[in-house]
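File shown here: protein-v5.txt, holding compact mmCIF, C-alpha atoms.
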```txt
# COMPACT_ATOMS: atom_id res chain seq x y z
CA MET A 1 -17.09 -1.70 -14.31
CA PRO A 2 -19.58 -4.63 -14.29
CA PHE A 3 -19.28 -7.47 -11.80
CA LEU A 4 -18.19 -10.36 -14.04
CA PRO A 5 -15.32 -8.55 -15.87
CA ARG A 6 -13.82 -7.54 -12.50
CA VAL A 7 -13.87 -11.11 -11.23
CA LEU A 8 -12.47 -12.53 -14.48
CA PHE A 9 -9.71 -9.89 -14.52
CA ALA A 10 -8.67 -10.80 -10.96
CA LEU A 11 -8.59 -14.54 -11.68
CA ILE A 12 -6.73 -14.23 -14.99
CA ALA A 13 -4.21 -11.69 -13.68
CA VAL A 14 -3.36 -13.83 -10.67
CA LEU A 15 -2.51 -16.76 -12.96
CA PHE A 16 -0.22 -14.57 -15.07
CA ALA A 17 1.43 -13.16 -11.94
CA TYR A 18 2.06 -16.63 -10.52
CA GLY A 19 3.31 -17.87 -13.88
CA LEU A 20 5.83 -15.03 -14.20
CA TRP A 21 7.09 -15.63 -10.66
CA ARG A 22 7.40 -19.40 -11.30
CA TYR A 23 9.32 -18.74 -14.52
CA THR A 24 11.78 -16.42 -12.77
CA HIS A 25 12.04 -18.52 -9.62
CA GLY A 26 12.63 -21.73 -11.56
CA ARG A 27 15.54 -20.39 -13.63
CA ARG A 28 18.11 -19.54 -11.02
CA ASN A 29 20.98 -20.50 -13.31
CA ASP A 30 19.87 -18.39 -16.25
CA GLY A 31 21.78 -15.21 -17.04
CA SER A 32 20.50 -12.44 -14.81
CA THR A 33 20.61 -9.96 -17.67
CA THR A 34 18.10 -12.01 -19.65
CA LYS A 35 15.65 -12.10 -16.77
CA ASP A 36 16.16 -8.41 -16.08
CA ARG A 37 15.29 -7.57 -19.66
CA LEU A 38 12.23 -9.82 -19.57
CA LEU A 39 10.94 -8.15 -16.39
CA ILE A 40 11.51 -4.67 -17.82
CA ALA A 41 9.71 -5.57 -21.05
CA ILE A 42 6.71 -7.06 -19.24
CA TYR A 43 6.53 -4.07 -16.89
CA VAL A 44 6.60 -1.52 -19.72
CA LEU A 45 4.12 -3.43 -21.89
CA SER A 46 1.67 -3.98 -19.02
CA ARG A 47 1.71 -0.33 -17.91
CA VAL A 48 1.63 1.24 -21.36
CA GLY A 49 -0.91 -1.26 -22.64
CA GLY A 50 -3.09 -0.95 -19.54
CA TRP A 51 -3.01 2.84 -19.63
CA LEU A 52 -3.86 2.98 -23.33
CA MET A 53 -6.73 0.55 -22.80
CA PHE A 54 -8.02 2.72 -19.98
CA THR A 55 -7.54 5.97 -21.89
CA LEU A 56 -9.13 4.85 -25.14
CA PHE A 57 -11.91 2.64 -23.83
CA LEU A 58 -12.38 1.84 -20.15
CA GLN A 59 -12.45 5.31 -18.58
CA ARG A 60 -15.87 6.05 -20.08
CA TYR A 61 -17.35 3.22 -17.99
CA VAL A 62 -15.93 4.45 -14.66
CA THR A 63 -18.71 6.11 -12.68
CA ALA A 64 -18.18 5.34 -9.01
CA SER A 65 -14.45 5.36 -8.23
CA ASP A 66 -12.67 7.77 -5.90
CA PRO A 67 -10.85 9.43 -8.83
CA GLN A 68 -14.21 10.12 -10.45
CA ILE A 69 -16.14 11.13 -7.32
CA PHE A 70 -13.44 12.94 -5.33
CA TYR A 71 -10.25 13.66 -7.30
CA ILE A 72 -11.88 15.37 -10.28
CA PRO A 73 -14.11 17.74 -8.24
CA GLN A 74 -11.12 18.66 -6.07
CA LEU A 75 -8.95 19.30 -9.11
CA GLU A 76 -11.66 21.48 -10.61
CA HIS A 77 -11.97 23.44 -7.36
CA PHE A 78 -8.21 23.89 -7.34
CA LEU A 79 -8.25 25.18 -10.94
CA LEU A 80 -10.90 27.72 -9.93
CA GLY A 81 -8.58 29.03 -7.23
CA GLU A 82 -10.92 28.14 -4.38
CA VAL A 83 -9.58 27.72 -0.86
CA PRO A 84 -9.09 23.97 -0.21
CA VAL A 85 -11.46 23.57 2.72
CA ARG A 86 -12.52 20.17 3.96
CA ASP A 87 -15.86 20.25 2.13
CA PHE A 88 -14.14 19.34 -1.12
CA TYR A 89 -10.54 18.57 -0.14
CA TYR A 90 -11.44 15.23 1.54
CA PRO A 91 -8.84 13.61 3.82
CA TYR A 92 -5.87 13.86 1.46
CA GLY A 93 -2.55 15.52 2.16
CA PRO A 94 -2.22 19.11 0.92
CA LEU A 95 0.35 18.19 -1.76
CA LEU A 96 -1.50 15.29 -3.41
CA ILE A 97 -4.06 17.18 -5.46
CA PRO A 98 -1.59 19.85 -6.70
CA SER A 99 0.84 17.04 -7.66
CA MET A 100 -1.60 15.36 -10.01
CA LEU A 101 -2.92 18.65 -11.45
CA PRO A 102 -0.43 18.95 -14.40
CA PHE A 103 -1.26 15.43 -15.60
CA TYR A 104 -4.97 16.07 -15.27
CA ILE A 105 -4.69 19.20 -17.42
CA LEU A 106 -2.31 17.57 -19.93
CA LEU A 107 -4.81 14.79 -20.68
CA GLY A 108 -7.76 17.10 -21.17
CA ARG A 109 -9.14 17.04 -17.61
CA SER A 110 -9.82 13.32 -17.79
CA LEU A 111 -9.35 10.24 -15.63
CA ALA A 112 -6.53 9.24 -17.99
CA GLY A 113 -4.36 12.04 -16.56
CA ILE A 114 -5.01 10.84 -13.00
CA SER A 115 -4.15 7.29 -14.03
CA LEU A 116 -0.94 8.49 -15.69
CA PHE A 117 0.09 10.23 -12.48
CA ALA A 118 -0.44 6.99 -10.52
CA ILE A 119 1.57 4.98 -13.06
CA LEU A 120 4.46 7.47 -12.93
CA ALA A 121 4.36 7.41 -9.12
CA GLU A 122 4.69 3.63 -9.30
CA ALA A 123 7.63 4.03 -11.70
CA VAL A 124 9.33 6.31 -9.17
CA ALA A 125 8.70 3.75 -6.42
CA LEU A 126 10.20 0.92 -8.48
CA TRP A 127 13.16 3.04 -9.61
CA PHE A 128 14.18 3.86 -6.05
CA PHE A 129 13.37 0.32 -4.90
CA ILE A 130 15.89 -1.01 -7.43
CA LYS A 131 18.48 1.68 -6.58
CA SER A 132 18.12 0.86 -2.88
CA ALA A 133 18.40 -2.85 -3.61
CA ARG A 134 21.67 -2.26 -5.48
CA ILE A 135 23.12 -0.55 -2.43
CA ALA A 136 21.85 -3.38 -0.21
CA GLU A 137 23.36 -6.00 -2.56
CA LYS A 138 26.84 -4.53 -2.07
CA PHE A 139 26.67 -5.25 1.64
CA GLY A 140 25.04 -8.67 1.49
CA ASP A 141 21.60 -7.63 2.73
CA VAL A 142 19.83 -8.94 -0.41
CA ASP A 143 20.92 -10.70 -3.58
CA HIS A 144 19.96 -10.06 -7.18
CA ILE A 145 17.93 -13.25 -7.56
CA TRP A 146 15.79 -12.29 -4.56
CA ILE A 147 15.07 -8.88 -6.09
CA GLN A 148 14.23 -10.47 -9.43
CA ASN A 149 11.76 -12.84 -7.78
CA ALA A 150 10.16 -10.00 -5.83
CA LEU A 151 9.71 -7.91 -8.98
CA ALA A 152 8.38 -10.90 -10.93
CA LEU A 153 5.70 -11.38 -8.28
CA TYR A 154 4.91 -7.67 -8.15
CA ILE A 155 4.73 -6.60 -11.80
CA LEU A 156 1.54 -8.46 -12.77
CA ASN A 157 -0.19 -8.67 -9.41
CA PRO A 158 -3.92 -7.96 -9.94
CA ALA A 159 -4.38 -5.24 -7.31
CA THR A 160 -1.69 -2.99 -8.73
CA LEU A 161 -2.84 -3.44 -12.33
CA TYR A 162 -6.47 -2.84 -11.41
CA TRP A 163 -6.38 0.05 -8.93
CA THR A 164 -3.21 1.83 -10.01
CA VAL A 165 -3.02 1.32 -13.77
CA LEU A 166 -6.68 0.95 -14.78
CA LEU A 167 -8.43 3.18 -12.22
CA GLY A 168 -5.79 5.67 -11.10
CA TYR A 169 -6.04 5.28 -7.33
CA GLN A 170 -3.18 7.02 -5.54
CA SER A 171 -2.26 4.48 -2.81
CA ILE A 172 0.99 3.75 -4.67
CA VAL A 173 2.15 7.33 -4.06
CA GLN A 174 2.73 6.35 -0.43
CA THR A 175 5.12 3.61 -1.57
CA ALA A 176 6.95 6.11 -3.79
CA TYR A 177 7.66 8.45 -0.86
CA SER A 178 8.84 5.52 1.25
CA MET A 179 11.20 4.14 -1.38
CA VAL A 180 12.75 7.56 -1.98
CA ALA A 181 13.24 7.94 1.78
CA PHE A 182 14.83 4.48 2.12
CA TYR A 183 17.25 5.24 -0.71
CA PHE A 184 18.54 8.46 0.83
CA LEU A 185 18.83 6.82 4.26
CA LEU A 186 20.87 3.99 2.76
CA GLN A 187 23.12 6.58 1.13
CA GLY A 188 23.76 8.12 4.54
CA ARG A 189 21.84 11.32 3.70
CA HIS A 190 19.72 10.98 6.80
CA MET A 191 18.13 14.40 6.95
CA LEU A 192 16.90 14.15 3.36
CA GLY A 193 15.71 10.59 3.91
CA TYR A 194 13.73 11.45 7.04
CA SER A 195 12.33 14.55 5.33
CA MET A 196 11.01 12.57 2.35
CA GLY A 197 9.57 9.85 4.54
CA LEU A 198 7.77 12.28 6.82
CA LEU A 199 6.70 14.50 3.93
CA GLY A 200 4.74 11.59 2.54
CA LEU A 201 2.00 12.47 5.02
CA ALA A 202 1.47 15.75 3.16
CA GLY A 203 1.88 14.13 -0.24
CA THR A 204 -0.53 11.22 0.22
CA LYS A 205 -2.89 10.88 3.16
CA LEU A 206 -2.98 9.91 6.83
CA LEU A 207 -2.14 6.27 6.09
CA MET A 208 1.45 7.32 5.34
CA VAL A 209 2.10 6.97 9.07
CA LEU A 210 2.02 3.19 8.53
CA ASP A 211 5.39 3.48 6.76
CA TRP A 212 6.98 5.72 9.38
CA PRO A 213 8.17 2.91 11.71
CA ALA A 214 10.17 1.48 8.80
CA LEU A 215 12.20 4.70 8.66
CA LEU A 216 13.72 3.66 11.98
CA ALA A 217 14.76 0.26 10.64
CA VAL A 218 16.83 1.28 7.60
CA THR A 219 19.78 2.69 9.54
CA ARG A 220 20.44 3.47 13.17
CA LEU A 221 18.38 6.41 14.37
CA GLN A 222 19.96 9.83 13.94
CA ILE A 223 17.76 11.84 16.30
CA GLY A 224 19.16 15.25 15.36
CA GLN A 225 18.71 14.59 11.64
CA LEU A 226 15.19 13.29 12.30
CA LEU A 227 14.20 16.47 14.14
CA VAL A 228 15.54 18.65 11.35
CA GLY A 229 13.75 16.40 8.84
CA THR A 230 10.38 17.27 10.39
CA ILE A 231 10.71 20.95 9.45
CA PRO A 232 9.33 20.69 5.86
CA LEU A 233 6.31 18.71 7.06
CA LEU A 234 5.58 21.13 9.90
CA ALA A 235 5.95 24.13 7.57
CA ILE A 236 3.49 22.67 5.05
CA TYR A 237 0.91 21.77 7.66
CA GLY A 238 1.35 25.12 9.36
CA ALA A 239 0.48 26.82 6.08
CA TYR A 240 -2.39 24.38 5.52
CA GLN A 241 -3.80 25.15 8.97
CA TRP A 242 -3.58 28.87 8.25
CA ILE A 243 -5.43 28.40 4.93
CA THR A 244 -8.10 25.90 5.99
CA GLY A 245 -8.31 26.27 9.75
CA ASP A 246 -8.75 22.51 10.18
CA ILE A 247 -5.79 20.18 9.62
CA LEU A 248 -7.23 17.57 12.02
CA PHE A 249 -10.20 16.79 9.78
CA PRO A 250 -8.57 13.68 8.22
CA LEU A 251 -8.02 12.22 11.69
CA ARG A 252 -11.62 12.76 12.80
CA TYR A 253 -12.87 11.56 9.43
CA HIS A 254 -11.20 8.17 9.70
CA PHE A 255 -12.25 7.61 13.31
CA THR A 256 -15.93 8.10 12.49
CA TYR A 257 -16.04 6.46 9.05
CA GLU A 258 -18.28 3.43 8.67
CA SER A 259 -16.77 -0.03 8.30
CA SER A 260 -15.80 -1.31 4.87
CA GLU A 261 -15.89 -4.92 3.78
CA GLY A 262 -12.92 -7.24 4.12
CA ASN A 263 -11.82 -6.74 7.73
CA VAL A 264 -12.53 -8.48 11.01
CA TRP A 265 -15.01 -5.82 12.14
CA TYR A 266 -17.12 -6.20 9.03
CA LEU A 267 -17.05 -9.97 9.41
CA LEU A 268 -18.50 -9.55 12.91
CA THR A 269 -21.47 -7.64 11.51
CA PHE A 270 -22.89 -11.03 10.60
CA PHE A 271 -24.23 -10.91 14.16
CA GLY A 272 -25.78 -7.42 13.92
CA ASP A 273 -25.13 -3.72 13.35
CA PRO A 274 -22.59 -2.28 15.84
CA GLN A 275 -22.37 1.19 14.24
CA ALA A 276 -23.90 2.90 17.27
CA PHE A 277 -21.20 1.33 19.46
CA TYR A 278 -18.39 2.26 17.05
CA SER A 279 -19.50 5.87 16.68
CA ARG A 280 -18.82 7.05 20.23
CA GLY A 281 -16.72 6.54 23.33
CA PHE A 282 -14.64 3.40 23.72
CA GLY A 283 -16.10 1.85 20.59
CA SER A 284 -14.71 4.61 18.38
CA VAL A 285 -11.11 3.80 19.38
CA LEU A 286 -11.43 0.02 19.79
CA SER A 287 -9.89 -0.76 16.41
CA LEU A 288 -7.04 1.68 17.08
CA LEU A 289 -6.35 0.04 20.44
CA LEU A 290 -6.25 -3.41 18.85
CA PHE A 291 -3.88 -2.23 16.15
CA ALA A 292 -1.66 -0.37 18.63
CA SER A 293 -1.43 -3.38 20.95
CA LEU A 294 -0.41 -5.81 18.22
CA PHE A 295 1.93 -3.30 16.60
CA LEU A 296 3.72 -2.53 19.87
CA LEU A 297 4.18 -6.24 20.54
CA GLY A 298 5.76 -6.80 17.13
CA PHE A 299 7.73 -3.58 16.89
CA GLY A 300 8.87 -3.97 20.48
CA ARG A 301 10.17 -7.43 19.62
CA TRP A 302 12.19 -5.95 16.74
CA LEU A 303 13.56 -3.20 18.99
CA TRP A 304 14.64 -5.79 21.54
CA PHE A 305 16.37 -7.84 18.85
CA ALA A 306 18.06 -4.70 17.55
CA ARG A 307 19.31 -3.71 21.02
CA GLN A 308 20.72 -7.23 21.44
CA ASN A 309 22.46 -6.98 18.03
CA ARG A 310 20.48 -10.02 16.91
CA THR A 311 19.05 -8.38 13.79
CA SER A 312 20.11 -5.71 11.33
CA PHE A 313 19.23 -2.20 10.37
CA SER A 314 18.79 -2.66 6.64
CA PHE A 315 16.66 -2.26 3.54
CA SER A 316 15.08 -5.69 3.91
CA THR A 317 14.37 -5.07 7.59
CA ALA A 318 12.59 -1.82 6.73
CA LEU A 319 10.38 -3.55 4.16
CA GLY A 320 9.66 -6.29 6.67
CA ILE A 321 8.50 -3.67 9.18
CA SER A 322 6.37 -1.96 6.50
CA THR A 323 4.73 -5.26 5.57
CA PHE A 324 4.04 -6.09 9.20
CA THR A 325 2.54 -2.68 9.96
CA ILE A 326 0.37 -2.40 6.84
CA GLY A 327 -0.76 -6.01 7.18
CA LEU A 328 -1.95 -5.27 10.72
CA PHE A 329 -3.83 -2.25 9.44
CA PHE A 330 -5.84 -4.38 7.03
CA ILE A 331 -6.74 -6.76 9.83
CA CYS A 332 -7.51 -4.26 12.58
CA SER A 333 -8.88 -1.11 10.96
CA ARG A 334 -12.64 -0.67 10.54
CA TYR A 335 -12.19 1.03 7.18
CA THR A 336 -9.85 -0.86 4.88
CA GLY A 337 -10.71 0.19 1.35
CA ASN A 338 -9.50 -2.51 -1.00
CA TYR A 339 -7.92 0.19 -3.16
CA TYR A 340 -5.36 0.63 -0.35
CA VAL A 341 -3.88 -2.79 -1.16
CA PRO A 342 -1.30 -1.45 -3.71
CA MET A 343 0.58 0.25 -0.86
CA LEU A 344 1.24 -3.23 0.60
CA MET A 345 2.23 -5.04 -2.59
CA LEU A 346 5.85 -3.98 -3.20
CA PRO A 347 7.15 -4.59 0.35
CA ALA A 348 5.02 -7.74 0.65
CA CYS A 349 6.48 -9.15 -2.56
CA LEU A 350 10.01 -8.74 -1.20
CA VAL A 351 8.96 -10.37 2.07
CA ALA A 352 7.15 -13.25 0.33
CA THR A 353 10.17 -14.16 -1.80
CA HIS A 354 12.93 -13.89 0.79
CA PRO A 355 15.13 -17.01 0.94
CA GLY A 356 14.19 -17.91 4.53
CA SER A 357 10.43 -18.06 3.94
CA ASN A 358 8.05 -20.83 2.94
CA THR A 359 7.99 -19.24 -0.48
CA GLN A 360 5.06 -21.03 -2.12
CA ARG A 361 2.76 -20.43 0.83
CA THR A 362 3.66 -16.76 1.27
CA VAL A 363 3.57 -16.03 -2.46
CA TRP A 364 0.05 -17.42 -2.63
CA ALA A 365 -0.94 -15.38 0.42
CA VAL A 366 0.15 -12.20 -1.40
CA LEU A 367 -1.63 -13.22 -4.61
CA LEU A 368 -4.82 -14.18 -2.76
CA ILE A 369 -4.86 -10.78 -1.07
CA SER A 370 -4.30 -9.06 -4.38
CA SER A 371 -7.00 -10.94 -6.31
CA LEU A 372 -9.66 -11.55 -3.65
CA CYS A 373 -9.72 -7.87 -2.69
CA ILE A 374 -10.89 -7.13 -6.23
CA VAL A 375 -13.46 -9.93 -6.05
CA GLY A 376 -14.67 -8.81 -2.61
CA GLU A 377 -14.99 -5.21 -3.74
CA ALA A 378 -16.98 -6.32 -6.81
CA VAL A 379 -19.41 -8.41 -4.75
CA TRP A 380 -19.84 -5.73 -2.08
CA SER A 381 -20.27 -2.73 -4.37
CA VAL A 382 -21.85 -4.18 -7.52
CA ALA A 383 -23.72 -7.34 -6.56
CA PHE A 384 -25.00 -6.16 -3.15
CA HIS A 385 -24.75 -2.32 -3.45
CA GLN A 386 -22.48 -1.79 -0.42
CA PRO A 387 -24.44 -3.27 2.50
CA GLY A 388 -23.41 -1.63 5.78
CA VAL A 389 -23.49 -4.95 7.63
CA LEU A 390 -22.81 -8.49 6.45
CA ILE A 391 -26.09 -9.88 7.80
CA GLU A 392 -27.93 -7.55 5.44
CA ALA A 393 -26.43 -9.36 2.44
CA PHE A 394 -27.81 -12.68 3.68
CA SER A 395 -31.32 -11.31 3.27
CA LYS A 396 -30.86 -10.78 -0.49
CA ARG A 397 -31.65 -14.42 -1.37
CA GLN A 398 -28.28 -15.18 -2.95
CA PRO A 399 -26.87 -17.56 -0.33
CA ILE A 400 -24.20 -19.11 -2.55
CA LEU A 401 -22.74 -15.75 -3.58
CA VAL A 402 -22.90 -14.43 -0.01
CA GLY A 403 -21.25 -17.59 1.28
CA LEU A 404 -18.44 -17.33 -1.27
CA TRP A 405 -17.96 -13.65 -0.46
CA THR A 406 -17.80 -14.37 3.27
CA GLY A 407 -15.25 -17.07 2.50
CA THR A 408 -13.07 -14.55 0.65
CA ILE A 409 -13.14 -12.26 3.70
CA VAL A 410 -11.92 -15.10 5.95
CA ILE A 411 -9.22 -16.09 3.44
CA ARG A 412 -8.05 -12.49 3.14
CA LEU A 413 -7.81 -12.07 6.91
CA VAL A 414 -5.73 -15.24 7.19
CA ALA A 415 -3.53 -14.15 4.27
CA PHE A 416 -2.99 -10.67 5.78
CA ALA A 417 -1.99 -12.31 9.07
CA MET A 418 0.43 -14.64 7.29
CA VAL A 419 2.06 -11.81 5.35
CA ALA A 420 2.29 -9.59 8.46
CA CYS A 421 3.92 -12.39 10.46
CA GLU A 422 6.32 -13.10 7.61
CA GLY A 423 7.26 -9.42 7.53
CA LEU A 424 8.01 -9.45 11.25
CA PHE A 425 9.97 -12.67 10.84
CA LEU A 426 12.15 -11.06 8.15
CA ALA A 427 12.66 -7.96 10.30
CA THR A 428 13.75 -10.02 13.31
CA SER A 429 15.83 -12.61 11.44
CA VAL A 430 18.91 -13.47 13.44
CA GLU A 431 22.18 -12.61 11.72
CA ASP A 432 24.48 -15.61 11.25
CA SER A 433 27.61 -13.53 11.79
CA GLY A 434 28.91 -11.06 14.29
CA VAL A 435 28.04 -8.16 12.01
CA THR A 436 24.79 -6.42 12.89
CA GLY A 437 23.60 -5.60 9.41
CA LEU A 438 23.81 -3.16 6.60
CA ALA A 439 23.87 0.01 8.69
CA ASN A 440 26.80 -1.21 10.76
CA ARG A 441 28.66 -2.25 7.63
CA LEU A 442 28.06 1.17 6.14
CA GLU A 443 29.45 2.77 9.30
CA ARG A 444 32.58 0.61 9.13
CA SER A 445 33.19 1.23 5.41
```
What's the structure tokens form of this structure?
Amino acid sequence: MPFLPRVLFALIAVLFAYGLWRYTHGRRNDGSTTKDRLLIAIYVLSRVGGWLMFTLFLQRYVTASDPQIFYIPQLEHFLLGEVPVRDFYYPYGPLLIPSMLPFYILLGRSLAGISLFAILAEAVALWFFIKSARIAEKFGDVDHIWIQNALALYILNPATLYWTVLLGYQSIVQTAYSMVAFYFLLQGRHMLGYSMGLLGLAGTKLLMVLDWPALLAVTRLQIGQLLVGTIPLLAIYGAYQWITGDILFPLRYHFTYESSEGNVWYLLTFFGDPQAFYSRGFGSVLSLLLFASLFLLGFGRWLWFARQNRTSFSFSTALGISTFTIGLFFICSRYTGNYYVPMLMLPACLVATHPGSNTQRTVWAVLLISSLCIVGEAVWSVAFHQPGVLIEAFSKRQPILVGLWTGTIVIRLVAFAMVACEGLFLATSVEDSGVTGLANRLERS
């Protein structure tokens, strides 16, 4: 897609998303049924309309997306019955490509089928998000207005519309697995919940591990159920290892992949090209060490609060942990493809709209992430043809555009930090009663 339409789409969509949230947020006294119907109508119209637009017109102009470059060749290999070795299987989980295969065939082996699979995965995520929220509402963890505001912010956010609906990227599948897992955990079906959450690694890609810490925050840990819940994942990867002989390829792939735009490491390439340092020894694990250090500080704080009965095990806590963890990933990782942003949006929208937050500021942080990631991707890939280092872009004699692009990187980093901190704040919010949260209430009921 050309540069200018991408930028205009991001700017227009962010205004619609903010307008829908303001409308919902500003009508607290309206009948909830009316707002529910409005949100459902806008969701259906935006997904159906976006998919039809993509199917009938836009897909012919897609030439350089992951679905075009990677998904389609892998699906064709799979149809030919070839062994899924790393040369064409890329670093995806072994269940992802087979899952989208029926939709790919149904729509005539086109990108429209891949996009439809992504849209249906999002529908599954939202369905179980709402079902989980209904359980949480019964025990006072969330209220209906909060959920309405979160969905109003989510439905028209630019990143989800662009990468999930219009291009068919599969990052949202990770959210679907997580929401299904949270629902079963809230129901008290711990083994099934842990199984679905862990199985997401096989159904998406390595980044699913970012949602694993949240599995520990929904209800109190059931260690026996967790161990049993690992069996499906181990069985699938055991078979995958037997077939391919190399299940560790995704891990090595991500450690050695070059930096993408939009993170702190790419911003530092203004001062030179550090690829030689990042490709071996200590440099190859520096980003992982930074992420691990910050994550352990935040997650350790939540664990301490939980041990002191100063916070809850609950649905909202789990989404706060997810937002914190994924937000840190976007700050610390060397490769943060902007098409990963949809996996952050649903939990971040709940975090941004929670009653204890500075709502306007956090809502804008989420919307800036969502829109500026599209703008940054357009500048990096279309205007400057994916420069490996930022300083290289400054040599292209477009100082104003480079300056604006660099500004979006800084704004995104600040916004990711704000959203991550807000997620941790929600997860460690002190209960105002002697009850320690949803899980404890479930145990007493």
Spatial sel., origin (22.8, -6.7, -5.3), limit 6 Å, all atoms listed in the file, listed as a ChimeraX atom specification: /A:134,137-138,143-144
Among the residues A:Cys421, A:Ala121, A:Leu268, A:Met100, the one that comes closest to Leu297 in chain A [using all atoms listed in the file]: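 With all atoms listed in the file as the atom set, the closest residue is A:Cys421.
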To one decimal in Å, tell me the separation between CA of Gln68 in chain A and CA of Leu167 in chain A.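 One can read the CA of Gln68 in chain A to CA of Leu167 in chain A distance as 9.2 Å.
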Which polymer residues have any atom within 12 Å of an atom of Tyr194 in chain A, counting all atoms listed in the file, with same-chain residues fewer than 3 positions away left out, as a PyMOL selection string? chain A and resi 177-186+188-191+197-201+211-219+221-233
Fewer than 2 positions away in the same chain doesn't count, so skip those; otherwise give me all residues within 12 Å of Ile40 in chain A, counting all atoms listed in the file, as an MDAnalysis selection string. chainID A and resid 33:38 42:47 123 126:127 130 148 151:152 155:156
Gly327 in chain A: which residues within 7 Å, counting all atoms listed in the file, same-chain residues fewer than 5 positions away excluded, as a ChimeraX atom specification? /A:416-417,419-420
The residue from A:Tyr18, A:Phe282, A:Phe117, A:Trp163 with the smallest atom-to-atom distance to Glu377 in chain A, counting only C-alpha atoms, is A:Trp163
For the atom pair CA of Leu303 in chain A and CA of Val414 in chain A, what is the interatomic distance in Å to one decimal place?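 Computing the Euclidean distance for CA of Leu303 in chain A and CA of Val414 in chain A yields 25.6 Å.
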I'd like the contact shell of Arg6 in chain A - 9 Å cut-off, only C-alpha atoms, skipping same-chain residues fewer than 6 positions apart - returned as a list in words.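 In the requested format, the answer is Tyr162, Ile374, Val375 and Ala378 of chain A.
CA of Tyr339 in chain A to CA of Leu153 in chain A spans 18.6 Å [interatomic distance, one decimal].
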Please, what is the axis-aligned box for every listed atom of range 408-418 of chain A with 6 Å on each side, as centre and edge lengths in Å to one decimal, as JSON?
```
{"center_x": -6.4, "center_y": -13.4, "center_z": 4.9, "size_x": 25.6, "size_y": 17.4, "size_z": 20.4}
```
Can you pull out the residues contacting Gln398 in chain A? Cut-off 12 Å, using only C-alpha atoms, and skip same-chain residues under 6 positions away; I want them as a PyMOL selection string. chain A and resi 379+383-384+392+404-405
So that each row is one residue of range 137-245 of chain A with an atom at most 9 Å from range 107-115 of chain A, can you give its shortest atom pair and the distance in Å to one decimal, using only C-alpha atoms, rows by chain and rising number, as a tab-separated table?
```
residue	atom	partner	partner_atom	distance
A:Thr164	CA	A:Ser115	CA	6.8
A:Val165	CA	A:Ser115	CA	6.1
A:Leu166	CA	A:Ser115	CA	6.9
A:Leu167	CA	A:Ser115	CA	6.2
A:Gly168	CA	A:Ser115	CA	3.7
A:Tyr169	CA	A:Ser115	CA	7.2
A:Gln170	CA	A:Ser115	CA	8.5
```
With C-alpha atoms kept, could you save the residues just selected as a PDB file, in the frame of the given file?
```
ATOM      1  CA  THR A 164      -3.210   1.830 -10.010  1.00  0.00           C
ATOM      2  CA  VAL A 165      -3.020   1.320 -13.770  1.00  0.00           C
ATOM      3  CA  LEU A 166      -6.680   0.950 -14.780  1.00  0.00           C
ATOM      4  CA  LEU A 167      -8.430   3.180 -12.220  1.00  0.00           C
ATOM      5  CA  GLY A 168      -5.790   5.670 -11.100  1.00  0.00           C
ATOM      6  CA  TYR A 169      -6.040   5.280  -7.330  1.00  0.00           C
ATOM      7  CA  GLN A 170      -3.180   7.020  -5.540  1.00  0.00           C
TER       8      GLN A 170
END
```
Selected residue, from A:Thr325, A:Ser284, A:Ser195, A:Asn263, that lies nearest to Arg412 in chain A when counting all atoms listed in the file: A:Asn263
Restricting the calculation to all atoms listed in the file: of A:Gly320, A:Thr428, A:Leu344, A:Phe291, which residue gets closest to Gln308 in chain A?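 The shortest atom-to-atom distance to Gln308 in chain A comes from A:Thr428.
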Taking only C-alpha atoms into account, name the residue in A:Phe329, A:Phe139, A:Tyr154, A:Phe271 that is nearest to Leu289 in chain A. A:Phe329
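The nearest approach to His77 in chain A among the residues A:Gly19, A:Gly300, A:Pro98, A:Gly272, with only C-alpha atoms taken into account, belongs to A:Pro98.
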Grab range 223-229 of chain A from that structure and dump N, CA and C atoms to a file, as a PDB file, in the first residue's frame.
```pdb
ATOM      1  N   ILE A 223      -0.602 -25.899  41.053  1.00  0.00           N
ATOM      2  CA  ILE A 223       0.617 -26.435  40.445  1.00  0.00           C
ATOM      3  C   ILE A 223       0.377 -27.789  39.781  1.00  0.00           C
ATOM      4  N   GLY A 224      -0.425 -28.628  40.398  1.00  0.00           N
ATOM      5  CA  GLY A 224      -0.707 -29.937  39.802  1.00  0.00           C
ATOM      6  C   GLY A 224      -1.446 -29.805  38.475  1.00  0.00           C
ATOM      7  N   GLN A 225      -2.455 -28.923  38.457  1.00  0.00           N
ATOM      8  CA  GLN A 225      -3.215 -28.697  37.232  1.00  0.00           C
ATOM      9  C   GLN A 225      -2.327 -28.077  36.149  1.00  0.00           C
ATOM     10  N   LEU A 226      -1.408 -27.205  36.560  1.00  0.00           N
ATOM     11  CA  LEU A 226      -0.502 -26.590  35.596  1.00  0.00           C
ATOM     12  C   LEU A 226       0.400 -27.630  34.948  1.00  0.00           C
ATOM     13  N   LEU A 227       0.922 -28.557  35.753  1.00  0.00           N
ATOM     14  CA  LEU A 227       1.806 -29.592  35.208  1.00  0.00           C
ATOM     15  C   LEU A 227       1.053 -30.494  34.230  1.00  0.00           C
ATOM     16  N   VAL A 228      -0.163 -30.845  34.581  1.00  0.00           N
ATOM     17  CA  VAL A 228      -0.963 -31.667  33.663  1.00  0.00           C
ATOM     18  C   VAL A 228      -1.282 -30.871  32.396  1.00  0.00           C
ATOM     19  N   GLY A 229      -1.498 -29.564  32.563  1.00  0.00           N
ATOM     20  CA  GLY A 229      -1.829 -28.710  31.420  1.00  0.00           C
ATOM     21  C   GLY A 229      -0.708 -28.561  30.412  1.00  0.00           C
TER      22      GLY A 229
END
```
